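Comments concern the structure below.
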Number of protein chains: 4
Amino acid sequence: MKQPERLRGIFTPNLVPLDADGDINESELRRYTDWLIDRGVHGLYPNGSTGEFTRFTQQERQRIIAIVTDQTAGRVPVLAGAAEANTRETIKACERYHEMGARAVAIVSPFYFKLSPAAVYAYFKEIADNSPIDVTLYNIPMFASPIDVPTVQRLADECPRVVAIKDSSGDLPHMMRMIAAVRPNRPEFSFLTGWDAALMPMLLIGCDGGTNATSGIVPEITRKLYDLTIEHRLDEARELQYKLLRLFDAMLFSADFPEGFRAALRLRGIETGVGRQPLSPDQQVDLHVVSDTLQCLLAEEGFMDEPLGGCPPKRDDDDPRQVDVIVRTVVAELKRRGLTMDEG
Amino acid sequence: MKQPERLRGIFTPNLVPLDADGDINESELRRYTDWLIDRGVHGLYPNGSTGEFTRFTQQERQRIIAIVTDQTAGRVPVLAGAAEANTRETIKACERYHEMGARAVAIVSPFYFKLSPAAVYAYFKEIADNSPIDVTLYNIPMFASPIDVPTVQRLADECPRVVAIKDSSGDLPHMMRMIAAVRPNRPEFSFLTGWDAALMPMLLIGCDGGTNATSGIVPEITRKLYDLTIEHRLDEARELQYKLLRLFDAMLFSADFPEGFRAALRLRGIETGVGRQPLSPDQQVDLHVVSDTLQCLLAEEGFMDEPLGGCPPKRDDDDPRQVDVIVRTVVAELKRRGLTMDEG
Amino acid sequence: MKQPERLRGIFTPNLVPLDADGDINESELRRYTDWLIDRGVHGLYPNGSTGEFTRFTQQERQRIIAIVTDQTAGRVPVLAGAAEANTRETIKACERYHEMGARAVAIVSPFYFKLSPAAVYAYFKEIADNSPIDVTLYNIPMFASPIDVPTVQRLADECPRVVAIKDSSGDLPHMMRMIAAVRPNRPEFSFLTGWDAALMPMLLIGCDGGTNATSGIVPEITRKLYDLTIEHRLDEARELQYKLLRLFDAMLFSADFPEGFRAALRLRGIETGVGRQPLSPDQQVDLHVVSDTLQCLLAEEGFMDEPLGGCPPKRDDDDPRQVDVIVRTVVAELKRRGLTMDEG
Amino acid sequence: MKQPERLRGIFTPNLVPLDADGDINESELRRYTDWLIDRGVHGLYPNGSTGEFTRFTQQERQRIIAIVTDQTAGRVPVLAGAAEANTRETIKACERYHEMGARAVAIVSPFYFKLSPAAVYAYFKEIADNSPIDVTLYNIPMFASPIDVPTVQRLADECPRVVAIKDSSGDLPHMMRMIAAVRPNRPEFSFLTGWDAALMPMLLIGCDGGTNATSGIVPEITRKLYDLTIEHRLDEARELQYKLLRLFDAMLFSADFPEGFRAALRLRGIETGVGRQPLSPDQQVDLHVVSDTLQCLLAEEGFMDEPLGGCPPKRDDDDPRQVDVIVRTVVAELKRRGLTMDEG
């Protein structure tokens with residue numbers, strides 16, 4: 001059997017626009033799909049974490065894939081998030097998304113319960129042995145049971161249906177360990193990073209692409225960063241990676257995920273609607289401040305005008321502290337959530 | 001409005017027996033419900049973590065509550081796990097379980113995404129303001145977004161529908177901080193511990209009861225421990241708490257949760273069926289060993305005969321190492337899962 | 001050989017008063033030693049964490065033990081913190097403190113490097129095999145390599161010199177697992193808790209005493225709590241434990257440890273001097289606020305007058321929020337330090 | 001004042017050879033110093049973590065710097081680890097190492113106690129304001145209080161003596177955040193990574209060099225990797241980074257740190273002697289196995305012959321599992337130590 005080519009490039013984990021009743025806004029989701037493809041993303045990834053798959057019902061998750069595959073109409077590959085309550089339901093979802101024309105499914109490791117490596121293996125093995133469509137493992141250890149390197153290797157060795165892993169740990173040596181363990185036996189296996197903050201170095205050490213939330217907001221930047229990096233235009237790529245990091249941090253740490261991304265997407269002209277996770281009054285006020293900060297960052301990159309009240313001076317000229325403000329926010333927020341990334 | 005009495009006593013988070021096809025085994029679930037009530041548990045708690053609520057579909061979760069409330073028929077109160085994908089679906093579940101005659105619902109804090117305290121507050125506030133039935137908060141920080149003390153206090157102060165918290169952190173001073181923060185304003189508010197290993201001391205510092213997985217397996221012991229403790233028969237209670245700890249550790253750490261509990265329940269004569277999370281071949285072998293260990297522990301307490309191969313000598317007489325074996329297993333397993341409880 | 005009795009009661013990990021030059025204030029340390037003994041502590045524990053042993057030089061640590069043993073003059077047993085840079089230096093310290101008349105040494109598990117259980121075992125084994133004085137293991141997993149249950153059991157079984165463990169994890173089931181593992185073979189082995197917030201329940205499940213920082217500030221309360229608990233006067237003990245928890249939280253989480261304890265001790269009339277860890281200007285301001293809060297708590301217990309500006313109304317009467325303020329501080333501080341105890 | 005140039009290149013955190021009595025083996029330390037300089041390292045870094053500074057006495061730490069600065073005799077810059085028990089002692093060490101001709105000192109963030117950012121700031125500020133020699137901050141959050149980005153920025157802005165940071169977190173976006181925060185105001189500030197596993201990508205996003213334990217064992221490889229990377233010979237660099245990762249993992253995770261490095265250094269002909277942290281009998285057996293594995297890896301790179309028993313087949317040809325074995329060891333070991341780096 002001829003193996004298909006590796007999954008490559010930027011797959012956008014798209015948000016799902018909602019209408020005034022909190023239901024899926026189909027027409028806006030279709031418009032957003034076109035908007036992303038027009039701006040150069042290599043693929044779409046509905047029902048990812050940014051797409052808040054856990055906040056939709058089983059029926060809604062199916063409808064999201066149906067809309068996105070239909071609207072995409074083969075222009076770019078679709079990676080369909082397919083995790084359901086158990087393996088039986090997940091396999092059924094694999095079958096449906098295969099019929100809908102998805103290129104592959106992505107299945108997050110079991111969450112809520114923290115499973116042992118043996119149980120993570122057994123879970124993916126049962127799905128991979130029964131799926132009619134290629135499977136991407138999805139490792140996001142801050143939210144779900146970790147998929148460790150030996151488990152990835154074992155699944156890659158035993159399951160031809162498993163063709164890729166999306167890893168959102170942001171841990172570069174961990175990515176290298178996976179690549180070293182899997183590539184000798186499975187040269188066509190694909191490694192995608194979900195950690196936008198390290199996209200350039202991840203590509204340089206061997207990743208094939210990314211599933212990056214920022215690409216849903218500023219697809220122009222994420223795509224350009226990908227292109228510059230694989231062309232080894234390192235100085236330009238590095239500069240862009242630093243810009244993307246500022247945007248990523250501002251959207252990720254300014255509010256409960258993915259509210260910062262939703263606020264920024266609204267600024268770009270997509271009618272996202274209000275998210276399903278309620279916000280306290282304080283959070284709603286905070287989100288207005290965040291929105292202005294994001295607008296300034298987007299204005300700096302030429303995507304839009306500054307907000308009415310203007311923006312603080314650019315950091316390189318007058319005030320080196322703008323980044324500081326963001327970073328302090330980041331650090332404070334990280335700590336508040338117990339997600340301090342710089343600790344062991 | 002006259003406040004109802006505090007929820008008190010042992011509420012059993014029951015497992016759900018499955019048939020050969022992996023579907024809910026209704027007749028066995030009804031038999032198990034009777035079995036538990038006959039052995040003295042004060043209430044039932046279907047769709048808890050032990051009940052693996054995340055591994056059932058929305059429709060199945062409803063059916064579980066329907067069966068348990070129907071079979072219970074008012075003999076004991078039912079605390080119905082009601083968390084769904086979002087607040088709208090969760091509120092609908094509250095309405096249904098109210099109609100079915102549940103005493104209250106229990107709602108786990110949002111999981112997968114790790115939410116800030118403000119978001120946790122907003123989530124429960126929206127549910128509590130729209131629920132026709134009393135709400136128990138469910139804090140299980142190893143699996144879901146933590147509900148911190150100020151959030152518990154704020155919800156208790158603002159939401160008369162919120163009448164209790166089930167806390168599975170096992171952190172005794174944390175429980176005391178919650179009690180100190182809430183009781184002055186809400187004397188009827190109930191505090192339930194989900195950490196069987198500390199049931200006796202939790203009751204002694206002011207808890208009203210527990211939702212304890214062990215009570216689904218050895219309801220006789222858990223109930224007796226509760227009775228001895230509230231009667232302040234401390235020496236007897238302490239001795240029983242140590243026994244319960246051994247059983248709890250053996251069931252909790254011997255296999256991926258709740259497989260150890262399922263294996264033990266089978267030993268007690270309930271046809272649990274095979275769980276929905278697949279097991280690797282190694283795990284299945286391990287489970288046989290675990291089952292023998294559990295049978296020995298249950299035999300020691302007089303619940304059944306020893307396994308065919310016999311049991312190791314009792315620790316107090318000949319061999320002080322039996323606990324050691326369990327403890328080593330515990331510690332190894334804890335570490336393997338990154339759940340080392342004795343670390344900061 | 002006749003085994004000595006178990007170490008029992010409250011051992012105070014005393015702070016070390018410093019003079020204006022930052023050197024050990026010997027006369028005040030002697031006065032403080034008397035002050036503690038007069039107020040009923042069962043023993044002293046110099047060179048503990050509260051005594052900031054890491055911030056003194058090797059020579060200073062020896063001098064501290066020399067002063068305390070001399071001043072104590074056999075009135076109460078002294079548990080001498082003896083950890084030095086390596087086993088050779090530590091064994092030398094054991095010899096010196098033995099000559100000085102200490103009852104036993106306490107040796108913290110190796111820190112900075114995080115050691116495996118095998119290495120922790122080897123470390124204590126070498127010391128215990130060469131020490132002329134009884135050894136207390138000191139487990140404080142938030143600061144040092146954890147000593148797991150099998151390691152405690154192995155050391156207890158193999159090393160007659162190891163006679164006790166001080167555990168500051170605050171994890172009650174962990175304490176029970178240790179007791180269950182060690183007591184059958186070593187009935188005279190002593191278990192001391194370093195977590196004041198759980199002193200009463202720890203004593204009730206079998207602990208022999210505590211090494212509690214609060215006993216250095218309010219020895220009257222800690223001693224009374226110990227007495228009430230072992231006399232099984234549960235209602236009085238519980239009420240006092242809640243009071244101690246408020247004081248403990250206020251001192252522990254209000255400032256970088258042990259600054260809150262130092263501020264409170266100053267209020268009690270001991271000239272502590274300024275600590276060796278420098279404070280930022282913001283921290284110094286914060287400490288004044290903390291000091292007023294502590295004075296109010298101490299005034300409430302009758303130890304002193306309210307501060308000049310007065311105190312907020314007592315919580316049980318008018319305002320249930322005073323504890324809330326403390327608790328919010330606690331939670332915020334815990335999170336800031338990444339020490340959230342209620343998370344997995 | 002003309003600023004000196006940035007610290008650049010590979011600084012070796014050297015182990016300290018011990019003699020049969022466990023004392024510093026001066027002649028072998030001198031020989032090792034020459035051996036490293038001859039193999040191209042850009043600088044030396046005695047009293048680092050690899051040099052086990054915590055396991056020596058204050059007097060020994062001084063002697064180590066005296067020997068290394070004397071033997072180096074200006075051929076390469078020396079970065080002298082100078083952390084002592086408190087700021088007063090640390091400042092004295094700065095003065096001495098300045099007199100001995102060190103280029104700069106490196107000072108680890110306070111450890112044992114976990115300090116708040118404000119306290120970490122105050123600590124370094126006091127030292128930097130009183131040091132006659134340039135100061136490198138040393139951030140190693142798995143062992144010591146983390147130095148967060150705003151604190152690094154504040155110290156860089158306020159303290160001209162602070163000229164560099166060594167960061168061993170291995171977190172690439174964290175390094176980028178520091179660089180973005182500090183460089184605009186302090187273009188000559190140097191950023192060094194202590195995480196060998198990510199040396200190439202760290203250099204590519206703007207780091208100036210590394211303080212890498214592997215450079216003490218295979219200085220040839222670490223130096224070559226540095227050269228290839230700054231010359232942008234990416235394919236060669238990437239291949240070498242993967243090789244270095246295997247060596248790093250094998251030495252780091254095969255035994256309690258730094259025993260794997262000590263075993264490998266012995267293979268390279270340096271008489272390291274036996275370390276000061278005792279090893280259990282099991283650990284000693286394990287170390288023999290590790291030593292053979294390391295010899296095979298070193299033989300593969302042409303540094304020495306295979307061990308007498310031979311080596312397993314090379315992974316790229318016959319057996320893709322050799323890395324797997326190492327990786328499984330890594331993962332198991334990481335988990336055992338609670339240091340799972342791929343988790344949030």
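The way I read the labels, and the way they are meant: chains A, B, ... in the order of the structure tokens, residue 1 as the first residue of every chain, and ligand 1 as the first ligand shown, with later ones counted on from there.
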
Strand (DSSP E or B) call set, DSSP backbone run, stretch 149-268 of chain C, as a short mmCIF file (atom, residue, chain, number, x, y, z; two decimals) with C-alpha atoms, in the first residue's frame:
```
data_model
loop_
_atom_site.label_atom_id
_atom_site.label_comp_id
_atom_site.auth_asym_id
_atom_site.auth_seq_id
_atom_site.Cartn_x
_atom_site.Cartn_y
_atom_site.Cartn_z
CA VAL C 162 16.45 6.11 63.59
CA VAL C 163 13.77 6.67 66.21
CA ALA C 164 11.32 9.13 64.72
CA ILE C 165 10.12 11.02 61.70
CA LYS C 166 9.00 14.59 61.49
CA ASP C 167 6.67 14.95 58.54
CA SER C 190 7.74 8.36 67.08
CA PHE C 191 5.72 10.27 64.51
CA LEU C 192 5.70 14.05 64.69
CA THR C 193 3.75 16.36 62.42
CA GLY C 209 3.31 15.14 68.77
CA GLY C 210 4.40 17.97 66.57
CA THR C 211 7.24 20.27 65.67
#
```

Problem - Contacts of B:Leu308 at 12 Å (only C-alpha atoms; same-chain gap of 5+ positions) as a PyMOL selection string - result: chain B and resi 292-293+295-296+299

Handout entry: Which residue of B:Glu95, B:Glu306, B:Asp148, B:Glu239 approaches chain A most closely, using only C-alpha atoms
Key = B:Asp148

Which neighbours of A:Gly101 fall inside 8 Å, counting only C-alpha atoms, when residues of the same chain fewer than 4 positions from it are skipped, and could you give them as a PDB file with N, CA, C and O atoms, in the first residue's frame?
```pdb
ATOM      1  N   THR A  69     -16.382  20.539   6.551  1.00  0.00           N
ATOM      2  CA  THR A  69     -15.966  19.720   5.393  1.00  0.00           C
ATOM      3  C   THR A  69     -16.748  20.146   4.154  1.00  0.00           C
ATOM      4  O   THR A  69     -16.187  20.226   3.054  1.00  0.00           O
ATOM      5  N   GLY A  74     -12.848  20.291  -0.229  1.00  0.00           N
ATOM      6  CA  GLY A  74     -11.633  19.730  -0.771  1.00  0.00           C
ATOM      7  C   GLY A  74     -10.526  20.722  -1.060  1.00  0.00           C
ATOM      8  O   GLY A  74      -9.433  20.336  -1.484  1.00  0.00           O
ATOM      9  N   VAL A  78      -9.020  18.543   5.881  1.00  0.00           N
ATOM     10  CA  VAL A  78      -9.650  18.786   7.181  1.00  0.00           C
ATOM     11  C   VAL A  78      -9.235  17.681   8.156  1.00  0.00           C
ATOM     12  O   VAL A  78      -9.323  16.493   7.831  1.00  0.00           O
ATOM     13  N   TYR A  97     -16.907  10.946   9.978  1.00  0.00           N
ATOM     14  CA  TYR A  97     -16.049  12.007   9.456  1.00  0.00           C
ATOM     15  C   TYR A  97     -15.305  11.501   8.209  1.00  0.00           C
ATOM     16  O   TYR A  97     -14.974  12.282   7.320  1.00  0.00           O
TER      17      TYR A  97
END
```

Handout entry: Shell around B:Asn139 at 12 Å using only C-alpha atoms, local window under 4 positions removed, as a PyMOL selection string
Key = (chain B and resi 48-49+106-111+120+124+143-149+151-152+164-171+174-175+178+191-195+211) or (chain C and resi 342-344)

For those residues, write N, CA, C and O atoms to a file as a short mmCIF file (atom, residue, chain, number, x, y, z; two decimals), in the first residue's frame.
```cif
data_model
loop_
_atom_site.label_atom_id
_atom_site.label_comp_id
_atom_site.auth_asym_id
_atom_site.auth_seq_id
_atom_site.Cartn_x
_atom_site.Cartn_y
_atom_site.Cartn_z
N GLY B 48 -21.32 9.91 39.56
CA GLY B 48 -20.11 10.48 40.14
C GLY B 48 -18.89 10.01 39.35
O GLY B 48 -19.00 9.35 38.32
N SER B 49 -17.70 10.34 39.89
CA SER B 49 -16.48 9.91 39.19
C SER B 49 -16.37 8.39 39.19
O SER B 49 -16.01 7.78 38.18
N ALA B 106 -25.34 17.00 42.03
CA ALA B 106 -23.94 17.31 42.30
C ALA B 106 -23.32 17.68 40.97
O ALA B 106 -23.51 16.97 39.98
N ILE B 107 -22.61 18.81 40.95
CA ILE B 107 -22.06 19.29 39.69
C ILE B 107 -20.57 19.52 39.84
O ILE B 107 -20.12 20.35 40.64
N VAL B 108 -19.82 18.75 39.07
CA VAL B 108 -18.37 18.86 39.12
C VAL B 108 -17.95 20.18 38.49
O VAL B 108 -18.59 20.69 37.56
N SER B 109 -16.89 20.75 39.00
CA SER B 109 -16.33 21.97 38.42
C SER B 109 -15.91 21.69 36.98
O SER B 109 -15.58 20.56 36.62
N PRO B 110 -15.93 22.72 36.13
CA PRO B 110 -15.55 22.49 34.72
C PRO B 110 -14.19 21.81 34.61
O PRO B 110 -13.26 22.15 35.35
N PHE B 111 -14.11 20.87 33.69
CA PHE B 111 -12.84 20.15 33.52
C PHE B 111 -12.35 20.28 32.09
O PHE B 111 -12.92 21.00 31.30
N VAL B 120 -14.96 29.81 37.33
CA VAL B 120 -15.63 28.75 38.10
C VAL B 120 -16.85 29.33 38.81
O VAL B 120 -17.94 28.74 38.81
N PHE B 124 -20.95 28.19 38.14
CA PHE B 124 -21.87 27.67 39.15
C PHE B 124 -23.01 28.67 39.43
O PHE B 124 -24.13 28.28 39.72
N PHE B 143 -8.70 16.26 39.02
CA PHE B 143 -9.34 16.00 37.73
C PHE B 143 -9.95 17.24 37.08
O PHE B 143 -10.14 17.27 35.87
N ALA B 144 -10.34 18.23 37.88
CA ALA B 144 -11.14 19.35 37.35
C ALA B 144 -10.63 20.67 37.93
O ALA B 144 -9.84 20.69 38.87
N SER B 145 -11.09 21.78 37.36
CA SER B 145 -10.69 23.10 37.86
C SER B 145 -11.00 23.22 39.34
O SER B 145 -12.13 22.95 39.76
N PRO B 146 -10.04 23.61 40.15
CA PRO B 146 -10.29 23.70 41.59
C PRO B 146 -11.32 24.79 41.92
O PRO B 146 -11.39 25.82 41.26
N ILE B 147 -12.12 24.52 42.94
CA ILE B 147 -13.04 25.52 43.48
C ILE B 147 -12.39 26.04 44.75
O ILE B 147 -12.32 25.32 45.75
N ASP B 148 -11.90 27.25 44.73
CA ASP B 148 -11.15 27.69 45.90
C ASP B 148 -12.07 28.21 47.01
O ASP B 148 -13.28 28.36 46.82
N VAL B 149 -11.51 28.45 48.18
CA VAL B 149 -12.32 28.78 49.34
C VAL B 149 -13.16 30.05 49.12
O VAL B 149 -14.36 30.05 49.39
N THR B 151 -14.36 31.24 46.47
CA THR B 151 -15.43 30.95 45.51
C THR B 151 -16.54 30.15 46.19
O THR B 151 -17.73 30.40 45.97
N VAL B 152 -16.17 29.18 47.01
CA VAL B 152 -17.18 28.43 47.76
C VAL B 152 -17.97 29.40 48.64
O VAL B 152 -19.20 29.37 48.68
N ALA B 164 -24.38 22.48 49.52
CA ALA B 164 -23.35 21.55 50.00
C ALA B 164 -22.16 21.59 49.07
O ALA B 164 -22.23 22.09 47.95
N ILE B 165 -21.05 21.07 49.56
CA ILE B 165 -19.90 20.83 48.70
C ILE B 165 -19.37 19.44 49.00
O ILE B 165 -19.28 19.02 50.15
N LYS B 166 -19.07 18.74 47.92
CA LYS B 166 -18.33 17.50 48.04
C LYS B 166 -16.91 17.82 47.65
O LYS B 166 -16.66 18.31 46.55
N ASP B 167 -15.97 17.55 48.53
CA ASP B 167 -14.56 17.86 48.28
C ASP B 167 -13.74 16.59 48.30
O ASP B 167 -13.71 15.87 49.30
N SER B 168 -13.06 16.33 47.19
CA SER B 168 -12.25 15.11 47.08
C SER B 168 -10.77 15.41 47.12
O SER B 168 -9.97 14.59 46.66
N SER B 169 -10.40 16.57 47.63
CA SER B 169 -8.97 16.90 47.66
C SER B 169 -8.24 16.10 48.73
O SER B 169 -7.05 15.86 48.63
N GLY B 170 -8.94 15.71 49.78
CA GLY B 170 -8.28 15.00 50.86
C GLY B 170 -7.46 15.91 51.75
O GLY B 170 -6.77 15.44 52.66
N ASP B 171 -7.55 17.21 51.50
CA ASP B 171 -6.74 18.17 52.25
C ASP B 171 -7.55 18.66 53.45
O ASP B 171 -8.48 19.44 53.32
N HIS B 174 -7.76 22.44 54.23
CA HIS B 174 -8.60 23.06 53.21
C HIS B 174 -10.08 22.91 53.58
O HIS B 174 -10.87 23.86 53.46
N MET B 175 -10.46 21.74 54.03
CA MET B 175 -11.84 21.52 54.46
C MET B 175 -12.18 22.45 55.63
O MET B 175 -13.26 23.05 55.67
N MET B 178 -12.81 25.96 54.44
CA MET B 178 -14.15 26.12 53.83
C MET B 178 -15.22 26.20 54.90
O MET B 178 -16.13 27.04 54.84
N PHE B 191 -20.95 19.71 54.30
CA PHE B 191 -19.60 19.44 53.80
C PHE B 191 -19.38 17.94 53.76
O PHE B 191 -19.43 17.28 54.80
N LEU B 192 -19.14 17.44 52.57
CA LEU B 192 -18.94 16.00 52.38
C LEU B 192 -17.55 15.75 51.83
O LEU B 192 -17.10 16.45 50.92
N THR B 193 -16.88 14.76 52.37
CA THR B 193 -15.54 14.44 51.86
C THR B 193 -15.59 13.26 50.91
O THR B 193 -16.27 12.27 51.17
N GLY B 194 -14.85 13.36 49.83
CA GLY B 194 -14.77 12.25 48.89
C GLY B 194 -13.49 11.46 49.07
O GLY B 194 -13.16 10.63 48.23
N TRP B 195 -12.76 11.71 50.15
CA TRP B 195 -11.46 11.06 50.33
C TRP B 195 -11.55 10.07 51.49
O TRP B 195 -11.29 10.41 52.64
N THR B 211 -18.90 11.08 50.38
CA THR B 211 -19.33 10.38 49.17
C THR B 211 -18.14 9.51 48.81
O THR B 211 -17.22 9.95 48.16
N ASP C 342 -4.39 22.38 47.26
CA ASP C 342 -5.57 21.57 46.93
C ASP C 342 -5.55 21.08 45.50
O ASP C 342 -6.56 20.66 44.99
N GLU C 343 -4.40 21.14 44.88
CA GLU C 343 -4.33 20.64 43.51
C GLU C 343 -3.44 19.41 43.41
O GLU C 343 -2.54 19.22 44.19
N GLY C 344 -3.74 18.62 42.42
CA GLY C 344 -3.08 17.30 42.28
C GLY C 344 -1.63 17.41 41.90
O GLY C 344 -1.09 18.47 41.72
#
```
